[in-house]
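Okay, my_file-v1.cif is below, mmCIF, C-alpha atoms:
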```cif
data_work
#
loop_
_atom_site.group_PDB
_atom_site.id
_atom_site.type_symbol
_atom_site.label_atom_id
_atom_site.label_comp_id
_atom_site.auth_asym_id
_atom_site.auth_seq_id
_atom_site.Cartn_x
_atom_site.Cartn_y
_atom_site.Cartn_z
ATOM 1 C CA MET Z 1 -30.338 22.875 68.242
ATOM 2 C CA ILE Z 2 -31.894 26.272 67.554
ATOM 3 C CA LYS Z 3 -28.498 27.815 68.097
ATOM 4 C CA ASN Z 4 -26.957 25.555 65.479
ATOM 5 C CA LEU Z 5 -29.734 26.412 63.061
ATOM 6 C CA PHE Z 6 -28.970 30.115 63.455
ATOM 7 C CA LEU Z 7 -25.258 29.523 63.053
ATOM 8 C CA PHE Z 8 -26.008 27.457 59.959
ATOM 9 C CA LEU Z 9 -28.140 30.223 58.460
ATOM 10 C CA ILE Z 10 -25.440 32.813 59.148
ATOM 11 C CA LYS Z 11 -22.867 30.573 57.512
ATOM 12 C CA ILE Z 12 -25.048 30.125 54.428
ATOM 13 C CA TYR Z 13 -25.507 33.883 54.251
ATOM 14 C CA GLN Z 14 -21.741 34.398 54.494
ATOM 15 C CA LEU Z 15 -21.007 31.857 51.792
ATOM 16 C CA LEU Z 16 -23.669 32.984 49.347
ATOM 17 C CA LEU Z 17 -25.136 36.421 49.811
ATOM 18 C CA SER Z 18 -22.747 38.442 51.944
ATOM 19 C CA PRO Z 19 -21.667 41.550 50.010
ATOM 20 C CA GLN Z 20 -18.237 41.079 51.535
ATOM 21 C CA LYS Z 21 -17.411 37.459 50.960
ATOM 22 C CA GLY Z 22 -20.353 35.625 49.442
ATOM 23 C CA VAL Z 23 -19.884 34.061 46.026
ATOM 24 C CA PHE Z 24 -23.035 35.838 44.873
ATOM 25 C CA ARG Z 25 -21.809 39.255 45.912
ATOM 26 C CA ASN Z 26 -22.054 40.205 42.241
ATOM 27 C CA ILE Z 27 -25.841 40.425 42.582
ATOM 28 C CA TRP Z 28 -25.428 43.553 44.722
ATOM 29 C CA LEU Z 29 -25.203 46.864 42.937
ATOM 30 C CA VAL Z 30 -22.224 48.059 44.965
ATOM 31 C CA ASN Z 31 -20.043 46.152 47.396
ATOM 32 C CA ILE Z 32 -18.640 48.316 50.095
ATOM 33 C CA PRO Z 33 -15.984 46.735 52.275
ATOM 34 C CA CYS Z 34 -16.743 46.257 55.927
ATOM 35 C CA ARG Z 35 -15.673 49.026 58.295
ATOM 36 C CA PHE Z 36 -15.262 46.733 61.254
ATOM 37 C CA ASN Z 37 -12.389 44.397 61.772
ATOM 38 C CA GLU Z 38 -14.931 41.646 62.251
ATOM 39 C CA THR Z 39 -17.911 41.653 59.900
ATOM 40 C CA CYS Z 40 -21.423 41.810 61.298
ATOM 41 C CA SER Z 41 -22.114 38.190 60.462
ATOM 42 C CA GLU Z 42 -18.866 36.999 62.044
ATOM 43 C CA PHE Z 43 -19.721 39.069 65.085
ATOM 44 C CA ALA Z 44 -23.233 37.631 65.216
ATOM 45 C CA ALA Z 45 -22.004 34.055 64.818
ATOM 46 C CA ARG Z 46 -19.392 34.478 67.558
ATOM 47 C CA ASN Z 47 -21.823 36.061 69.999
ATOM 48 C CA ILE Z 48 -24.589 33.572 69.332
ATOM 49 C CA GLN Z 49 -22.064 30.786 69.834
ATOM 50 C CA GLU Z 50 -20.824 32.248 73.115
ATOM 51 C CA LYS Z 51 -23.901 33.876 74.602
ATOM 52 C CA GLY Z 52 -26.832 32.093 73.040
ATOM 53 C CA VAL Z 53 -29.395 33.059 70.435
ATOM 54 C CA LEU Z 54 -31.231 35.714 72.451
ATOM 55 C CA ARG Z 55 -28.345 37.612 74.010
ATOM 56 C CA GLY Z 56 -26.044 37.127 71.039
ATOM 57 C CA GLY Z 57 -28.797 38.090 68.618
ATOM 58 C CA LYS Z 58 -29.501 41.272 70.553
ATOM 59 C CA LEU Z 59 -25.815 42.211 70.438
ATOM 60 C CA ALA Z 60 -25.760 41.518 66.704
ATOM 61 C CA MET Z 61 -28.733 43.837 66.141
ATOM 62 C CA LYS Z 62 -26.994 46.562 68.112
ATOM 63 C CA ARG Z 63 -23.903 46.013 66.072
ATOM 64 C CA ILE Z 64 -25.735 46.364 62.745
ATOM 65 C CA ALA Z 65 -27.246 49.622 63.994
ATOM 66 C CA LYS Z 66 -23.737 50.951 64.626
ATOM 67 C CA CYS Z 67 -22.858 50.743 60.951
ATOM 68 C CA HIS Z 68 -23.792 53.985 59.240
ATOM 69 C CA PRO Z 69 -21.859 56.800 57.547
ATOM 70 C CA PHE Z 70 -22.146 59.114 60.560
ATOM 71 C CA SER Z 71 -20.541 56.772 62.992
ATOM 72 C CA ASN Z 72 -16.841 56.678 63.706
ATOM 73 C CA ASN Z 73 -16.946 53.203 65.057
ATOM 74 C CA ILE Z 74 -14.480 50.745 63.657
ATOM 75 C CA ASN Z 75 -14.430 48.429 66.590
ATOM 76 C CA ASN Z 76 -16.761 46.053 68.287
ATOM 77 C CA MET S 1 -50.089 51.932 43.142
ATOM 78 C CA ASN S 2 -47.878 51.243 46.125
ATOM 79 C CA PRO S 3 -44.786 53.426 46.682
ATOM 80 C CA PHE S 4 -42.415 50.612 45.707
ATOM 81 C CA ASP S 5 -43.988 50.403 42.261
ATOM 82 C CA ALA S 6 -44.458 54.152 41.895
ATOM 83 C CA PHE S 7 -40.946 55.232 42.871
ATOM 84 C CA LEU S 8 -38.801 52.337 41.725
ATOM 85 C CA VAL S 9 -40.455 49.872 39.377
ATOM 86 C CA GLN S 10 -42.300 52.422 37.244
ATOM 87 C CA PRO S 11 -39.323 54.748 36.578
ATOM 88 C CA LEU S 12 -37.112 51.776 35.748
ATOM 89 C CA PHE S 13 -39.702 50.337 33.387
ATOM 90 C CA ASN S 14 -40.091 53.722 31.710
ATOM 91 C CA ALA S 15 -36.341 53.995 31.322
ATOM 92 C CA LEU S 16 -36.240 50.557 29.720
ATOM 93 C CA ILE S 17 -38.959 51.431 27.204
ATOM 94 C CA PHE S 18 -37.315 54.814 26.542
ATOM 95 C CA ILE S 19 -34.097 53.030 25.585
ATOM 96 C CA TYR S 20 -36.071 50.458 23.610
ATOM 97 C CA ASN S 21 -37.645 53.261 21.571
ATOM 98 C CA ILE S 22 -34.152 54.298 20.493
ATOM 99 C CA ILE S 23 -32.731 50.800 20.020
ATOM 100 C CA PRO S 24 -35.595 48.417 19.332
ATOM 101 C CA ASP S 25 -33.978 45.303 20.768
ATOM 102 C CA ILE S 26 -35.111 44.531 24.292
ATOM 103 C CA GLY S 27 -31.926 42.572 25.022
ATOM 104 C CA VAL S 28 -29.696 45.471 24.028
ATOM 105 C CA ALA S 29 -31.970 47.869 25.940
ATOM 106 C CA THR S 30 -31.573 45.664 29.016
ATOM 107 C CA ILE S 31 -27.803 45.731 28.693
ATOM 108 C CA ILE S 32 -27.797 49.517 28.291
ATOM 109 C CA LEU S 33 -30.123 50.004 31.264
ATOM 110 C CA THR S 34 -27.869 47.804 33.416
ATOM 111 C CA ILE S 35 -24.848 49.825 32.346
ATOM 112 C CA ILE S 36 -26.669 53.094 33.094
ATOM 113 C CA ILE S 37 -27.638 51.895 36.580
ATOM 114 C CA ARG S 38 -24.018 50.968 37.252
ATOM 115 C CA ALA S 39 -22.798 54.250 35.789
ATOM 116 C CA ILE S 40 -25.037 56.212 38.141
ATOM 117 C CA LEU S 41 -23.546 54.254 41.018
ATOM 118 C CA TYR S 42 -20.013 54.776 39.720
ATOM 119 C CA PRO S 43 -18.927 57.230 42.477
ATOM 120 C CA LEU S 44 -19.940 54.670 45.073
ATOM 121 C CA PHE S 45 -18.249 51.959 43.065
ATOM 122 C CA GLN S 46 -15.044 53.971 42.928
ATOM 123 C CA LYS S 47 -15.122 54.672 46.618
ATOM 124 C CA SER S 48 -15.734 51.044 47.438
ATOM 125 C CA THR S 49 -12.911 49.912 45.149
ATOM 126 C CA LYS S 50 -10.520 52.376 46.745
ATOM 127 C CA GLN S 51 -11.607 51.289 50.184
ATOM 128 C CA GLN S 52 -11.048 47.630 49.348
ATOM 129 C CA ILE S 53 -7.513 48.342 48.171
ATOM 130 C CA LEU S 54 -6.826 50.442 51.236
ATOM 131 C CA MET S 55 -8.203 47.816 53.581
ATOM 132 C CA SER S 56 -5.936 45.147 52.169
ATOM 133 C CA LYS S 57 -3.033 47.514 52.828
ATOM 134 C CA ILE S 58 -4.076 48.336 56.361
ATOM 135 C CA GLN S 59 -5.027 44.825 57.412
ATOM 136 C CA PRO S 60 -1.539 43.596 58.419
ATOM 137 C CA GLU S 61 -0.901 46.726 60.480
ATOM 138 C CA LEU S 62 -4.314 46.432 62.048
ATOM 139 C CA ALA S 63 -3.544 42.883 63.131
ATOM 140 C CA LYS S 64 -0.274 44.082 64.614
ATOM 141 C CA LEU S 65 -2.038 46.756 66.642
ATOM 142 C CA GLN S 66 -4.560 44.260 67.883
ATOM 143 C CA LYS S 67 -1.785 42.101 69.247
ATOM 144 C CA GLU S 68 0.033 45.047 70.747
ATOM 145 C CA TYR S 69 -2.956 46.496 72.585
ATOM 146 C CA LYS S 70 -4.642 43.238 73.402
ATOM 147 C CA ASP S 71 -5.471 44.281 76.940
ATOM 148 C CA ASN S 72 -6.179 47.946 76.409
ATOM 149 C CA LYS S 73 -9.235 48.488 74.299
ATOM 150 C CA GLU S 74 -9.229 52.259 74.565
ATOM 151 C CA LYS S 75 -5.687 52.540 73.287
ATOM 152 C CA LEU S 76 -6.444 50.085 70.522
ATOM 153 C CA VAL S 77 -9.335 52.185 69.240
ATOM 154 C CA LYS S 78 -7.172 55.303 69.314
ATOM 155 C CA ALA S 79 -4.290 53.642 67.510
ATOM 156 C CA GLN S 80 -6.656 52.258 64.911
ATOM 157 C CA MET S 81 -8.234 55.622 64.268
ATOM 158 C CA GLU S 82 -4.762 57.070 63.768
ATOM 159 C CA LEU S 83 -3.894 54.308 61.355
ATOM 160 C CA TYR S 84 -7.054 55.036 59.383
ATOM 161 C CA LYS S 85 -6.213 58.719 59.340
ATOM 162 C CA LYS S 86 -2.679 58.046 58.158
ATOM 163 C CA TYR S 87 -3.972 56.212 55.111
ATOM 164 C CA GLY S 88 -6.892 58.531 54.596
ATOM 165 C CA ALA S 89 -9.362 55.717 55.024
ATOM 166 C CA SER S 90 -12.689 56.672 56.464
ATOM 167 C CA PRO S 91 -14.762 53.995 58.034
ATOM 168 C CA PHE S 92 -17.655 54.008 55.674
ATOM 169 C CA GLY S 93 -21.002 52.444 56.433
ATOM 170 C CA SER S 94 -21.488 49.270 54.517
ATOM 171 C CA CYS S 95 -24.523 47.530 55.978
ATOM 172 C CA LEU S 96 -26.650 50.611 55.508
ATOM 173 C CA ILE S 97 -25.748 51.054 51.861
ATOM 174 C CA THR S 98 -26.224 47.350 51.341
ATOM 175 C CA LEU S 99 -29.692 47.519 52.876
ATOM 176 C CA LEU S 100 -30.556 50.694 50.961
ATOM 177 C CA GLN S 101 -29.841 49.074 47.631
ATOM 178 C CA LEU S 102 -32.060 46.093 48.391
ATOM 179 C CA PRO S 103 -35.317 47.756 47.225
ATOM 180 C CA ILE S 104 -33.603 49.043 44.068
ATOM 181 C CA LEU S 105 -32.328 45.567 43.372
ATOM 182 C CA LEU S 106 -35.761 44.025 43.876
ATOM 183 C CA ALA S 107 -37.277 46.669 41.586
ATOM 184 C CA VAL S 108 -34.803 45.803 38.832
ATOM 185 C CA TYR S 109 -35.787 42.141 39.051
ATOM 186 C CA ARG S 110 -39.462 43.109 39.162
ATOM 187 C CA VAL S 111 -39.177 45.139 35.948
ATOM 188 C CA PHE S 112 -37.565 42.281 34.078
ATOM 189 C CA LEU S 113 -39.965 39.670 35.462
ATOM 190 C CA ASN S 114 -43.124 41.723 34.885
ATOM 191 C CA GLY S 115 -42.868 41.541 31.123
ATOM 192 C CA PHE S 116 -44.530 43.873 28.647
ATOM 193 C CA SER S 117 -48.261 43.280 28.959
ATOM 194 C CA ASP S 118 -50.812 46.006 28.174
ATOM 195 C CA GLU S 119 -51.259 46.427 31.890
ATOM 196 C CA ARG S 120 -47.563 47.229 32.194
ATOM 197 C CA MET S 121 -47.653 49.545 29.214
ATOM 198 C CA ALA S 122 -50.354 51.540 30.992
ATOM 199 C CA THR S 123 -47.742 52.556 33.569
ATOM 200 C CA LEU S 124 -45.732 54.449 30.956
ATOM 201 C CA TYR S 125 -45.392 58.172 31.544
ATOM 202 C CA ASN S 126 -47.040 60.575 29.099
ATOM 203 C CA PHE S 127 -43.785 61.633 27.484
ATOM 204 C CA ILE S 128 -42.637 58.087 26.736
ATOM 205 C CA ILE S 129 -43.890 56.854 23.384
ATOM 206 C CA GLN S 130 -45.583 53.511 23.708
ATOM 207 C CA PRO S 131 -44.174 51.077 21.150
ATOM 208 C CA ASP S 132 -46.838 49.260 19.107
ATOM 209 C CA VAL S 133 -45.333 45.919 19.930
ATOM 210 C CA VAL S 134 -42.318 45.100 22.038
ATOM 211 C CA ASN S 135 -40.013 42.890 20.065
ATOM 212 C CA ILE S 136 -38.831 40.483 22.722
ATOM 213 C CA TYR S 137 -36.249 38.817 20.506
ATOM 214 C CA PHE S 138 -32.648 39.480 21.533
ATOM 215 C CA LEU S 139 -30.531 39.899 18.388
ATOM 216 C CA GLY S 140 -33.566 38.670 16.490
ATOM 217 C CA ILE S 141 -33.235 35.060 17.677
ATOM 218 C CA ILE S 142 -33.600 34.609 21.452
ATOM 219 C CA ASP S 143 -37.065 35.059 22.957
ATOM 220 C CA LEU S 144 -36.221 36.866 26.191
ATOM 221 C CA SER S 145 -39.676 36.354 27.686
ATOM 222 C CA GLN S 146 -38.980 32.614 27.790
ATOM 223 C CA PRO S 147 -36.320 30.661 29.646
ATOM 224 C CA ASN S 148 -33.277 29.983 27.497
ATOM 225 C CA ILE S 149 -30.852 27.229 28.412
ATOM 226 C CA TRP S 150 -27.914 28.729 26.510
ATOM 227 C CA LEU S 151 -28.164 32.104 28.175
ATOM 228 C CA ALA S 152 -28.457 30.317 31.531
ATOM 229 C CA ILE S 153 -25.276 28.348 30.740
ATOM 230 C CA ILE S 154 -23.377 31.474 29.658
ATOM 231 C CA THR S 155 -24.447 33.265 32.841
ATOM 232 C CA ALA S 156 -23.381 30.266 34.933
ATOM 233 C CA ILE S 157 -19.943 30.370 33.288
ATOM 234 C CA ILE S 158 -19.587 34.093 34.008
ATOM 235 C CA GLN S 159 -20.716 33.405 37.569
ATOM 236 C CA PHE S 160 -18.096 30.663 37.808
ATOM 237 C CA ILE S 161 -15.339 33.090 36.801
ATOM 238 C CA SER S 162 -16.606 35.656 39.285
ATOM 239 C CA SER S 163 -16.766 33.120 42.128
ATOM 240 C CA LYS S 164 -13.321 31.776 41.307
ATOM 241 C CA MET S 165 -11.879 35.271 41.595
ATOM 242 C CA LEU S 166 -13.319 35.669 45.071
ATOM 243 C CA ILE S 167 -12.265 32.381 46.586
ATOM 244 C CA PRO S 168 -8.721 32.472 47.935
ATOM 245 C CA PRO S 169 -6.611 29.684 46.410
ATOM 246 C CA SER S 170 -6.776 26.436 48.421
ATOM 247 C CA PRO S 171 -7.551 27.336 52.014
ATOM 248 C CA ASN S 172 -5.250 24.989 53.900
ATOM 249 C CA LYS S 173 -7.363 23.752 56.721
ATOM 250 C CA SER S 174 -5.961 21.311 59.200
ATOM 251 C CA SER S 175 -7.939 18.133 59.564
ATOM 252 C CA LYS S 176 -7.700 18.473 63.339
ATOM 253 C CA ASP S 177 -10.816 20.557 63.764
ATOM 254 C CA GLU S 178 -13.122 18.055 62.084
ATOM 255 C CA PRO S 179 -16.675 19.372 62.394
ATOM 256 C CA GLN S 180 -18.897 17.244 64.607
ATOM 257 C CA VAL S 181 -22.356 18.734 64.108
ATOM 258 C CA PRO S 182 -23.988 17.634 60.827
ATOM 259 C CA MET S 183 -24.795 21.237 59.905
ATOM 260 C CA GLN S 184 -21.154 22.192 60.307
ATOM 261 C CA ARG S 185 -20.209 19.308 58.083
ATOM 262 C CA ILE S 186 -22.636 20.565 55.442
ATOM 263 C CA THR S 187 -21.274 24.101 55.554
ATOM 264 C CA ALA S 188 -17.690 22.838 55.472
ATOM 265 C CA SER S 189 -18.310 20.860 52.309
ATOM 266 C CA LEU S 190 -20.310 23.755 50.868
ATOM 267 C CA GLN S 191 -17.378 26.051 51.477
ATOM 268 C CA LYS S 192 -15.023 23.681 49.751
ATOM 269 C CA ASN S 193 -17.150 23.396 46.635
ATOM 270 C CA MET S 194 -18.454 26.942 46.485
ATOM 271 C CA GLY S 195 -16.728 27.603 43.179
ATOM 272 C CA LEU S 196 -18.950 24.998 41.537
ATOM 273 C CA ILE S 197 -22.072 25.426 43.618
ATOM 274 C CA ALA S 198 -22.468 29.104 42.737
ATOM 275 C CA PRO S 199 -22.709 28.607 38.962
ATOM 276 C CA LEU S 200 -24.945 25.587 39.543
ATOM 277 C CA ILE S 201 -27.385 27.632 41.631
ATOM 278 C CA THR S 202 -27.259 30.361 38.979
ATOM 279 C CA PHE S 203 -28.149 27.851 36.300
ATOM 280 C CA VAL S 204 -30.959 26.232 38.294
ATOM 281 C CA ILE S 205 -32.537 29.637 39.020
ATOM 282 C CA LEU S 206 -32.162 31.102 35.545
ATOM 283 C CA VAL S 207 -33.160 28.054 33.522
ATOM 284 C CA ARG S 208 -36.786 28.507 34.643
ATOM 285 C CA LEU S 209 -37.060 32.301 34.488
ATOM 286 C CA PRO S 210 -37.461 34.636 31.519
ATOM 287 C CA SER S 211 -34.019 34.800 29.965
ATOM 288 C CA ILE S 212 -34.033 38.609 30.068
ATOM 289 C CA LEU S 213 -32.941 38.080 33.665
ATOM 290 C CA ALA S 214 -29.953 36.058 32.483
ATOM 291 C CA VAL S 215 -28.909 39.003 30.307
ATOM 292 C CA TYR S 216 -29.142 41.343 33.294
ATOM 293 C CA TRP S 217 -27.314 38.880 35.558
ATOM 294 C CA SER S 218 -24.495 38.380 33.032
ATOM 295 C CA VAL S 219 -23.873 42.082 32.518
ATOM 296 C CA SER S 220 -23.854 42.875 36.219
ATOM 297 C CA THR S 221 -21.580 39.936 36.985
ATOM 298 C CA LEU S 222 -19.157 41.156 34.318
ATOM 299 C CA PHE S 223 -19.101 44.466 36.176
ATOM 300 C CA SER S 224 -18.332 42.633 39.377
ATOM 301 C CA ILE S 225 -15.484 40.755 37.693
ATOM 302 C CA PHE S 226 -14.121 44.032 36.366
ATOM 303 C CA GLN S 227 -14.142 45.542 39.847
ATOM 304 C CA GLN S 228 -12.465 42.519 41.383
ATOM 305 C CA TRP S 229 -9.823 42.626 38.665
ATOM 306 C CA LEU S 230 -9.248 46.338 39.304
ATOM 307 C CA VAL S 231 -8.828 45.773 43.038
ATOM 308 C CA GLN S 232 -6.521 42.795 42.538
ATOM 309 C CA LYS S 233 -4.407 44.671 40.010
ATOM 310 C CA ASN S 234 -3.914 47.619 42.328
ATOM 311 C CA ILE S 235 -3.055 45.409 45.274
ATOM 312 C CA ASN S 236 -0.483 43.577 43.165
ATOM 313 C CA ILE S 237 1.074 46.825 41.917
ATOM 314 C CA GLU S 238 1.435 48.058 45.465
ATOM 315 C CA LYS S 239 2.954 44.794 46.593
ATOM 316 C CA GLU S 240 5.501 44.995 43.797
ATOM 317 C CA GLU S 241 6.402 48.537 44.718
ATOM 318 C CA GLU S 242 6.931 47.522 48.308
ATOM 319 C CA GLY S 243 9.111 44.643 47.184
ATOM 320 C CA LYS S 244 11.448 46.950 45.312
#
```
Output the file's structure as structure tokens, nothing else.
Amino acid sequence: MIKNLFLFLIKIYQLLLSPQKGVFRNIWLVNIPCRFNETCSEFAARNIQEKGVLRGGKLAMKRIAKCHPFSNNINN
Amino acid sequence: MNPFDAFLVQPLFNALIFIYNIIPDIGVATIILTIIIRAILYPLFQKSTKQQILMSKIQPELAKLQKEYKDNKEKLVKAQMELYKKYGASPFGSCLITLLQLPILLAVYRVFLNGFSDERMATLYNFIIQPDVVNIYFLGIIDLSQPNIWLAIITAIIQFISSKMLIPPSPNKSSKDEPQVPMQRITASLQKNMGLIAPLITFVILVRLPSILAVYWSVSTLFSIFQQWLVQKNINIEKEEEGK
């Protein structure tokens, strides 16, 4: 149940606010395309689905931390 | 004064009044301020546009590589880095820049929502002349401190155009994977009707707020549309060239 709630919230974020795909991406000042081949929210949703809220959520946090201009990472 | 107000809200408010002193129409000043903010961010905008075009070019090759090196992650990473190098694409942090702009964004909304009370005027810097009264009428007719249904409708229409540009034409989904969980059903129907829901949400939000926000929202959405158009145009040109 909690898992579905999280997945639901991620989906809402993707549809509305995500600077990549959300319909309201125009509210952001700049939209920079995702460096990964799977966006952070897709990654989070997949991991929460497969590994549960706690473990998946932890992986998602780690993933977000990997996204900065000094990192060469383009993969999960 | 907290740092958020001191470093973001106050400078933005001062800039708005500075522009207002030159062009005494708060609506026009809002539009100019929005354009200035976007102009300052233009290098980032350019980079992001270029990156979007590049990504659409690389994507098919990236998918190919992923299939090829399905079982060898190390090789996949290497091949991908080479592909990026070949096209001169640099993986460029996006979440960070997105998060960094959040406080700026909130400050912009704050400035427009705060209004022009005496208390606000007290935050003007010494070198900014305080106007005797702030004429809050846009083009002399629309009171921007009050909600305005027409501006909300116009903004919703602009939002509709912007959303339509983003949604890929008719995503053909097979009816096989019918969602079972109610939440999934909600999101599925949301996804289908996003083009209409977005302008509706815009309208519902803006119809209750000072219409100065609608002016800001419209101008920035027009920028977004312009960027999307630019990206689409470039992608199409490249596709045509490849077709030749």
| task | Return the single residue from S:Gly140, S:Pro182, S:Pro210, S:Pro103 that is closest to S:Asp5, with distances computed using all atoms listed in the file. | result | S:Pro103
Against chain S, which residues of chain Z fall within 6 Å? For each one I want the closest pair of atoms and the distance in Å (one decimal), counting only C-alpha atoms, rows by chain and increasing residue number, as a Markdown table.
```
| residue | atom | partner | partner_atom | distance |
| --- | --- | --- | --- | --- |
| Z:Val23 | CA | S:Ser163 | CA | 5.1 |
| Z:Asn26 | CA | S:Thr221 | CA | 5.3 |
| Z:Val30 | CA | S:Phe45 | CA | 5.9 |
| Z:Ile32 | CA | S:Ser48 | CA | 4.8 |
| Z:Pro33 | CA | S:Gln52 | CA | 5.8 |
| Z:Cys34 | CA | S:Ser94 | CA | 5.8 |
| Z:Arg35 | CA | S:Pro91 | CA | 5.1 |
| Z:Cys67 | CA | S:Gly93 | CA | 5.2 |
| Z:His68 | CA | S:Gly93 | CA | 4.2 |
| Z:Pro69 | CA | S:Gly93 | CA | 4.6 |
```
| field | Between atom CA of S:Ile31 and atom CA of S:Ile161, distance in Å (one decimal) | value | 19.5 Å
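Of note, atom CA of S:Leu213 and atom CA of Z:Lys21 are spaced 23.3 Å apart.
Applied to the file shown here, the PyMOL selection byres ((chain Z and resi 43-47) around 8) selects the residues Leu7, Ile10, Glu38, Thr39, Cys40, Ser41, Glu42, Ile48, Gln49, Glu50, Lys51, Gly52, Arg55, Gly56, Gly57, Leu59 and Ala60 of chain Z.
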| request: Name all residues at most 9 Å from S:Asn135 (count only C-alpha atoms; drop same-chain ones fewer than 4 positions away) and give them as a PyMOL selection string. | output: chain S and resi 24-26+140+143
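Checking Z:Ile64, Z:Ile27, Z:Met1, Z:Val53 one by one against S:Val219, counting all atoms listed in the file, you find the shortest gap at Z:Ile27.
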| request: Starting from the point (-32.9, 45.4, 25.7), work out which residues of protein, DNA or RNA have an atom no more than 10 Å away when counting all atoms listed in the file; state them as a ChimeraX atom specification. | output: /S:16-17,19-20,23-34,135-139,144,212,215-216
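Minimum atom-to-atom distance to S:Phe203, evaluated using all atoms listed in the file, belongs to S:Asn148 out of S:Gln10, S:Asn148, S:Ser117, S:Gln130.
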